[in-house]
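Student: File model.pdb follows (PDB, C-alpha atoms):
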ATOM      1  CA  MET A  48       0.000   0.000   0.000
ATOM      2  CA  ALA A  49       1.246   3.506  -0.777
ATOM      3  CA  LYS A  50       2.358   5.709   2.097
ATOM      4  CA  ASP A  51       0.019   8.595   2.859
ATOM      5  CA  ASP A  52       2.627  11.169   1.804
ATOM      6  CA  ASP A  53       3.326   9.425  -1.528
ATOM      7  CA  VAL A  54       1.610  10.477  -4.695
ATOM      8  CA  SER A  55       0.730   7.272  -6.477
ATOM      9  CA  MET A  56      -0.874   5.866  -9.571
ATOM     10  CA  GLN A  57      -2.431   2.468 -10.181
ATOM     11  CA  LEU A  58      -0.541  -0.163 -12.188
ATOM     12  CA  LYS A  59      -2.569  -2.946 -13.783
ATOM     13  CA  LEU A  60      -0.573  -5.642 -15.566
ATOM     14  CA  VAL A  61      -2.567  -8.259 -17.461
ATOM     15  CA  THR A  62      -1.021 -11.266 -19.232
ATOM     16  CA  LEU A  63      -2.505 -14.162 -21.157
ATOM     17  CA  LEU A  64      -2.823 -15.934 -17.799
ATOM     18  CA  GLY A  65      -4.846 -13.103 -16.247
ATOM     19  CA  GLU A  66      -4.194 -10.155 -13.963
ATOM     20  CA  LYS A  67      -0.615 -10.274 -12.684
ATOM     21  CA  LEU A  68      -0.454  -6.967 -10.790
ATOM     22  CA  ASN A  69      -2.940  -4.385  -9.616
ATOM     23  CA  LYS A  70      -1.154  -2.095  -7.155
ATOM     24  CA  PRO A  71      -0.503   1.553  -6.415
ATOM     25  CA  ILE A  72       2.997   2.576  -7.510
ATOM     26  CA  TYR A  73       5.141   5.700  -7.588
ATOM     27  CA  GLU A  74       7.153   5.041 -10.771
ATOM     28  CA  ALA A  75       7.380   2.605 -13.677
ATOM     29  CA  VAL A  76      10.117   2.346 -16.287
ATOM     30  CA  LEU A  77       9.070   0.743 -19.576
ATOM     31  CA  PHE A  78      10.855  -0.141 -22.817
ATOM     32  CA  THR A  79       8.908   1.107 -25.844
ATOM     33  CA  LYS A  80       9.519   1.035 -29.588
ATOM     34  CA  ASN A  81      10.750   4.630 -29.253
ATOM     35  CA  GLY A  82      13.011   4.121 -26.241
ATOM     36  CA  THR A  83      12.852   3.882 -22.474
ATOM     37  CA  ILE A  84      10.253   5.960 -20.627
ATOM     38  CA  GLY A  85       9.803   6.725 -16.958
ATOM     39  CA  ILE A  86       6.232   7.168 -15.812
ATOM     40  CA  PHE A  87       5.194   9.075 -12.701
ATOM     41  CA  PRO A  88       1.776  10.162 -11.413
ATOM     42  CA  GLY A  89       0.448  12.963 -13.611
ATOM     43  CA  HIS A  90       2.123  11.624 -16.796
ATOM     44  CA  GLU A  91       0.654  12.857 -20.044
ATOM     45  CA  PRO A  92      -1.832  10.350 -21.481
ATOM     46  CA  LEU A  93      -0.175   7.962 -23.929
ATOM     47  CA  VAL A  94      -0.733   4.650 -25.665
ATOM     48  CA  THR A  95       2.482   2.912 -26.711
ATOM     49  CA  LEU A  96       3.829  -0.415 -27.915
ATOM     50  CA  LEU A  97       6.223  -2.160 -25.555
ATOM     51  CA  VAL A  98       9.191  -4.166 -26.784
ATOM     52  CA  PRO A  99      10.566  -7.233 -25.034
ATOM     53  CA  GLY A 100      12.624  -6.044 -22.093
ATOM     54  CA  THR A 101      12.484  -5.295 -18.425
ATOM     55  CA  MET A 102       9.905  -3.287 -16.541
ATOM     56  CA  MET A 103      10.967  -1.624 -13.305
ATOM     57  CA  ILE A 104       8.522  -0.610 -10.581
ATOM     58  CA  ARG A 105       9.135   1.708  -7.628
ATOM     59  CA  TYR A 106       6.299   1.527  -5.106
ATOM     60  CA  HIS A 107       7.209   4.512  -2.908
ATOM     61  CA  LYS A 108       8.967   7.775  -3.711
ATOM     62  CA  ASP A 109      11.733   7.153  -1.162
ATOM     63  CA  ASP A 110      12.402   3.526  -2.170
ATOM     64  CA  SER A 111      15.977   2.886  -3.293
ATOM     65  CA  ASP A 112      16.717   1.263  -6.648
ATOM     66  CA  LEU A 113      17.424  -1.974  -4.773
ATOM     67  CA  LYS A 114      13.782  -2.036  -3.621
ATOM     68  CA  MET A 115      12.428  -1.748  -7.171
ATOM     69  CA  ASP A 116      10.682  -4.792  -8.610
ATOM     70  CA  VAL A 117      11.999  -5.853 -12.003
ATOM     71  CA  LEU A 118       9.960  -7.982 -14.392
ATOM     72  CA  ALA A 119      10.760  -9.439 -17.804
ATOM     73  CA  ILE A 120       8.054  -8.424 -20.278
ATOM     74  CA  SER A 121       7.503 -10.102 -23.648
ATOM     75  CA  GLY A 122       6.341  -6.838 -25.217
ATOM     76  CA  GLY A 123       2.791  -5.630 -25.415
ATOM     77  CA  LEU A 124       0.747  -2.472 -25.149
ATOM     78  CA  ALA A 125       0.634   0.201 -22.448
ATOM     79  CA  GLU A 126      -2.116   2.754 -21.882
ATOM     80  CA  ILE A 127      -0.971   5.545 -19.593
ATOM     81  CA  THR A 128      -3.190   8.161 -17.998
ATOM     82  CA  ARG A 129      -2.397  10.696 -15.290
ATOM     83  CA  LYS A 130      -3.482   8.208 -12.581
ATOM     84  CA  GLU A 131      -3.146   4.745 -14.115
ATOM     85  CA  ILE A 132      -0.993   2.455 -16.245
ATOM     86  CA  ILE A 133      -2.630  -0.520 -17.924
ATOM     87  CA  ILE A 134      -0.253  -2.993 -19.531
ATOM     88  CA  LEU A 135      -1.345  -5.887 -21.721
ATOM     89  CA  ALA A 136       1.466  -8.386 -22.360
ATOM     90  CA  ASP A 137       1.652 -11.999 -23.446
ATOM     91  CA  GLU A 138       4.141 -12.785 -20.663
ATOM     92  CA  ALA A 139       5.514 -11.014 -17.594
ATOM     93  CA  GLU A 140       7.818 -12.775 -15.147
ATOM     94  CA  SER A 141       9.250 -11.610 -11.845
ATOM     95  CA  ASP A 142      12.704 -12.581 -10.636
ATOM     96  CA  SER A 143      11.269 -15.300  -8.385
ATOM     97  CA  GLU A 144       9.715 -17.003 -11.427
ATOM     98  CA  ILE A 145      12.933 -17.181 -13.480
ATOM     99  CA  SER A 146      15.800 -19.627 -13.100
ATOM    100  CA  GLU A 147      19.068 -17.971 -14.162
ATOM    101  CA  LYS A 148      20.409 -21.260 -15.525
ATOM    102  CA  GLU A 149      17.270 -21.886 -17.617
ATOM    103  CA  ALA A 150      17.151 -18.256 -18.778
ATOM    104  CA  ARG A 151      20.789 -18.411 -19.926
ATOM    105  CA  ALA A 152      20.131 -21.650 -21.860
ATOM    106  CA  ALA A 153      16.997 -20.195 -23.490
ATOM    107  CA  TYR A 154      18.923 -17.047 -24.472
ATOM    108  CA  GLU A 155      21.710 -19.125 -26.045
ATOM    109  CA  ARG A 156      19.144 -21.199 -27.992
ATOM    110  CA  ALA A 157      17.443 -18.019 -29.234
ATOM    111  CA  VAL A 158      20.752 -16.530 -30.415
ATOM    112  CA  ALA A 159      21.630 -19.789 -32.201
ATOM    113  CA  ALA A 160      18.191 -19.885 -33.882
ATOM    114  CA  ILE A 161      18.843 -16.566 -35.653
ATOM    115  CA  LYS A 162      21.483 -18.293 -37.793
ATOM    116  CA  ASN A 163      18.852 -20.627 -39.255
ATOM    117  CA  VAL A 164      16.157 -18.161 -40.313
ATOM    118  CA  GLU A 165      15.129 -18.063 -43.958
ATOM    119  CA  SER A 166      12.911 -14.991 -44.245
ATOM    120  CA  GLY A 167      12.660 -11.450 -42.963
ATOM    121  CA  ILE A 168       9.577 -12.336 -40.930
ATOM    122  CA  GLU A 169      11.392 -15.230 -39.243
ATOM    123  CA  LEU A 170      14.354 -12.940 -38.538
ATOM    124  CA  GLU A 171      12.134 -10.357 -36.822
ATOM    125  CA  GLU A 172      10.499 -13.046 -34.688
ATOM    126  CA  ALA A 173      13.905 -14.521 -33.816
ATOM    127  CA  LYS A 174      15.209 -11.066 -32.801
ATOM    128  CA  ARG A 175      12.130 -10.517 -30.614
ATOM    129  CA  LEU A 176      12.739 -13.883 -28.955
ATOM    130  CA  VAL A 177      16.396 -12.985 -28.304
ATOM    131  CA  GLN A 178      15.294  -9.679 -26.721
ATOM    132  CA  HIS A 179      12.762 -11.443 -24.509
ATOM    133  CA  GLN A 180      15.219 -14.110 -23.377
ATOM    134  CA  ALA A 181      17.868 -11.428 -22.739
ATOM    135  CA  ALA A 182      15.367  -9.592 -20.506
ATOM    136  CA  ARG A 183      14.611 -12.781 -18.562
ATOM    137  CA  LEU A 184      18.323 -13.401 -18.077
ATOM    138  CA  LYS A 185      18.873  -9.804 -16.924
ATOM    139  CA  VAL A 186      16.096 -10.099 -14.325
ATOM    140  CA  ALA A 187      17.550 -13.369 -12.996
ATOM    141  CA  GLU A 188      21.069 -11.894 -12.840
ATOM    142  CA  LEU A 189      19.786  -8.809 -10.994
ATOM    143  CA  ARG A 190      18.129 -11.030  -8.378
ATOM    144  CA  ARG A 191      21.404 -12.890  -7.825
ATOM    145  CA  ARG A 192      23.387  -9.627  -7.519
ATOM    146  CA  HIS A 193      20.875  -8.177  -5.056
ATOM    147  CA  ARG A 194      21.095 -11.314  -2.908
ATOM    148  CA  GLU A 195      24.902 -11.118  -2.977
ATOM    149  CA  MET A 196      24.775  -7.462  -1.817
ATOM    150  CA  LYS A 197      22.693  -8.283   1.258
TER     151      LYS A 197
END
Kindly return the structure encoded in the file as structure tokens.
Tutor:
Amino acid sequence: MAKDDDVSMQLKLVTLLGEKLNKPIYEAVLFTKNGTIGIFPGHEPLVTLLVPGTMMIRYHKDDSDLKMDVLAISGGLAEITRKEIIILADEAESDSEISEKEARAAYERAVAAIKNVESGIELEEAKRLVQHQAARLKVAELRRRHREMK
């Protein structure tokens, strides 16, 4: 729950498996087709496509970067209003749902698959898969580094 002195906005994250998150937050960082954006309460309304990558969430204004949640997102769509972010994504995984060993193996398989594509469409899909697996690996590595720092 947001502290009384925090200004917050609602984050709703919906995947193919259903609602993953529905919480008040202070900040979200998303990867879009046009670059990385930081979203705070009062953000200008926007609808944007998300690319495979990480999504970072700060729940309270005074939370350190180490307290931010980091999720791997498969891409999707974000609707941003001054008080709410709604994200629709095929997949979204938190660090506790990702095995670093499995993520590394999946990333290596995705990189190897690019060498075998035969069309531009297959190449784009293979690149998207590499991006998604790289995001999963990054989230798992961040979890390990945070545990090592404690």
Student: Go through A:Lys67, A:His90, A:Lys185, A:His193 one by one, measure the shortest atom-to-atom distance of each to Ile145 of chain A using only C-alpha atoms, and give the residue with the smallest value.
Tutor: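 Closest residue, counting only C-alpha atoms: A:Lys185.
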Student: When you look at segment 115-128 of chain A with a cut-off of 6 Å (counting all atoms listed in the file), what residues show up, excluding the ones that are within fewer than 3 positions of it in the same chain? I need them as a PyMOL selection string.
Tutor: chain A and resi 92-105+112+131-136+138-141+179+182-183
Student: I'd like the interatomic distance between atom CA of Glu188 of chain A and atom CA of Glu149 of chain A, to a tenth of an Å.
Tutor: 11.7 Å
Student: Go through A:Asn163, A:Leu184, A:Ser111, A:Arg194 and flag the residue nearest Ala150 of chain A, using all atoms listed in the file for the distances.
Tutor: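 Residue with the minimum atom-to-atom distance to Ala150 of chain A: A:Leu184.
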Student: Have a look at A:Met196, A:Leu60, A:Ala159, A:Ala153 and name the one nearest to Gln180 of chain A; count all atoms listed in the file.
Tutor: A:Ala153
Student: Which residue out of A:Leu113, A:Leu58, A:Val186, A:Ala157 has the minimum interatomic distance to Lys174 of chain A when all atoms listed in the file are used?
Tutor: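 Going through A:Leu113, A:Leu58, A:Val186, A:Ala157 one by one, the smallest distance to Lys174 of chain A is for A:Ala157.
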Student: Could you list the residues chosen by the PyMOL selection byres ((chain A and resi 57) around 9) in this structure as JSON, numbers by chain?
Tutor: {"A": [55, 56, 58, 59, 69, 70, 71, 72, 73, 88, 130, 131, 132, 133]}
Student: What's the separation between atom CA of Ile84 of chain A and atom CA of Arg129 of chain A, in Å to one decimal place?
Tutor: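 Interatomic distance, atom CA of Ile84 of chain A to atom CA of Arg129 of chain A: 14.5 Å.
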Student: Could you tell me how far atom CA of Leu68 of chain A lies from atom CA of Leu189 of chain A, in Å and to one decimal?
Tutor: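 About the pair atom CA of Leu68 of chain A and atom CA of Leu189 of chain A: they are 20.3 Å apart.
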Student: For Ser143 of chain A, which residue out of A:Thr83, A:Arg156, A:Arg190, A:Glu165 is the nearest one, using only C-alpha atoms?
Tutor: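 Once distances to Ser143 of chain A are computed over only C-alpha atoms, the minimum belongs to A:Arg190.
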Student: Using the file's own x, y and z axes, what box holds all listed atoms of segment 133-142 of chain A with 3 Å on each side, keeping edges along x, y and z, and what are its centre and edge lengths in Å to one decimal, as lines of an AutoDock Vina configuration file?
Tutor:
center_x = 5.0
center_y = -6.7
center_z = -17.0
size_x = 21.3
size_y = 18.3
size_z = 18.8
Student: Export segment 112-149 of chain A of the preceding structure, keeping N, CA and C atoms, as a short mmCIF file (atom, residue, chain, number, x, y, z; two decimals), in the first residue's frame.
Tutor:
data_model
loop_
_atom_site.label_atom_id
_atom_site.label_comp_id
_atom_site.auth_asym_id
_atom_site.auth_seq_id
_atom_site.Cartn_x
_atom_site.Cartn_y
_atom_site.Cartn_z
N ASP A 112 16.76 2.10 -5.45
CA ASP A 112 16.72 1.26 -6.65
C ASP A 112 16.73 -0.22 -6.29
N LEU A 113 17.37 -0.58 -5.19
CA LEU A 113 17.42 -1.97 -4.77
C LEU A 113 16.06 -2.51 -4.36
N LYS A 114 15.13 -1.62 -4.01
CA LYS A 114 13.78 -2.04 -3.62
C LYS A 114 12.83 -2.11 -4.81
N MET A 115 13.30 -1.71 -5.99
CA MET A 115 12.43 -1.75 -7.17
C MET A 115 12.20 -3.19 -7.59
N ASP A 116 10.97 -3.50 -7.99
CA ASP A 116 10.68 -4.79 -8.61
C ASP A 116 11.06 -4.71 -10.08
N VAL A 117 11.62 -5.79 -10.59
CA VAL A 117 12.00 -5.85 -12.00
C VAL A 117 11.33 -7.08 -12.59
N LEU A 118 10.63 -6.88 -13.71
CA LEU A 118 9.96 -7.98 -14.39
C LEU A 118 10.46 -8.06 -15.83
N ALA A 119 10.48 -9.25 -16.38
CA ALA A 119 10.76 -9.44 -17.80
C ALA A 119 9.42 -9.44 -18.52
N ILE A 120 9.30 -8.58 -19.53
CA ILE A 120 8.05 -8.42 -20.28
C ILE A 120 8.30 -8.87 -21.72
N SER A 121 7.35 -9.59 -22.28
CA SER A 121 7.50 -10.10 -23.65
C SER A 121 7.18 -9.05 -24.71
N GLY A 122 6.85 -7.86 -24.30
CA GLY A 122 6.34 -6.84 -25.22
C GLY A 122 4.87 -6.66 -24.92
N GLY A 123 4.21 -5.81 -25.64
CA GLY A 123 2.79 -5.63 -25.41
C GLY A 123 2.35 -4.21 -25.70
N LEU A 124 1.35 -3.78 -24.96
CA LEU A 124 0.75 -2.47 -25.15
C LEU A 124 0.55 -1.82 -23.78
N ALA A 125 0.85 -0.53 -23.70
CA ALA A 125 0.63 0.20 -22.45
C ALA A 125 -0.27 1.40 -22.72
N GLU A 126 -1.28 1.56 -21.88
CA GLU A 126 -2.12 2.75 -21.88
C GLU A 126 -1.81 3.50 -20.59
N ILE A 127 -1.38 4.74 -20.74
CA ILE A 127 -0.97 5.54 -19.59
C ILE A 127 -1.89 6.75 -19.49
N THR A 128 -2.43 6.96 -18.29
CA THR A 128 -3.19 8.16 -18.00
C THR A 128 -2.49 8.86 -16.83
N ARG A 129 -3.02 9.96 -16.39
CA ARG A 129 -2.40 10.70 -15.29
C ARG A 129 -2.40 9.90 -13.97
N LYS A 130 -3.34 8.94 -13.85
CA LYS A 130 -3.48 8.21 -12.58
C LYS A 130 -3.37 6.69 -12.71
N GLU A 131 -3.11 6.19 -13.94
CA GLU A 131 -3.15 4.75 -14.12
C GLU A 131 -2.28 4.31 -15.29
N ILE A 132 -1.70 3.12 -15.15
CA ILE A 132 -0.99 2.45 -16.24
C ILE A 132 -1.65 1.09 -16.41
N ILE A 133 -2.09 0.80 -17.62
CA ILE A 133 -2.63 -0.52 -17.92
C ILE A 133 -1.71 -1.14 -18.96
N ILE A 134 -1.16 -2.30 -18.63
CA ILE A 134 -0.25 -2.99 -19.53
C ILE A 134 -0.86 -4.34 -19.90
N LEU A 135 -0.92 -4.60 -21.20
CA LEU A 135 -1.34 -5.89 -21.72
C LEU A 135 -0.12 -6.53 -22.35
N ALA A 136 0.28 -7.69 -21.86
CA ALA A 136 1.47 -8.39 -22.36
C ALA A 136 1.20 -9.88 -22.42
N ASP A 137 1.80 -10.55 -23.38
CA ASP A 137 1.65 -12.00 -23.45
C ASP A 137 2.23 -12.64 -22.19
N GLU A 138 3.46 -12.22 -21.83
CA GLU A 138 4.14 -12.78 -20.66
C GLU A 138 4.78 -11.69 -19.83
N ALA A 139 4.81 -11.89 -18.53
CA ALA A 139 5.51 -11.01 -17.59
C ALA A 139 5.97 -11.90 -16.44
N GLU A 140 7.28 -11.90 -16.18
CA GLU A 140 7.82 -12.78 -15.15
C GLU A 140 8.66 -11.98 -14.16
N SER A 141 8.45 -12.24 -12.89
CA SER A 141 9.25 -11.61 -11.84
C SER A 141 10.51 -12.44 -11.62
N ASP A 142 11.44 -11.88 -10.88
CA ASP A 142 12.70 -12.58 -10.64
C ASP A 142 12.50 -13.93 -9.95
N SER A 143 11.50 -14.04 -9.10
CA SER A 143 11.27 -15.30 -8.39
C SER A 143 10.73 -16.40 -9.30
N GLU A 144 10.28 -16.03 -10.49
CA GLU A 144 9.72 -17.00 -11.43
C GLU A 144 10.73 -17.46 -12.48
N ILE A 145 11.95 -16.90 -12.43
CA ILE A 145 12.93 -17.18 -13.48
C ILE A 145 14.16 -17.85 -12.87
N SER A 146 14.55 -18.96 -13.46
CA SER A 146 15.80 -19.63 -13.10
C SER A 146 16.90 -19.03 -13.99
N GLU A 147 17.98 -18.55 -13.37
CA GLU A 147 19.07 -17.97 -14.16
C GLU A 147 19.66 -18.99 -15.13
N LYS A 148 19.83 -20.21 -14.67
CA LYS A 148 20.41 -21.26 -15.53
C LYS A 148 19.51 -21.52 -16.74
N GLU A 149 18.21 -21.64 -16.52
CA GLU A 149 17.27 -21.89 -17.62
C GLU A 149 17.17 -20.67 -18.54
#
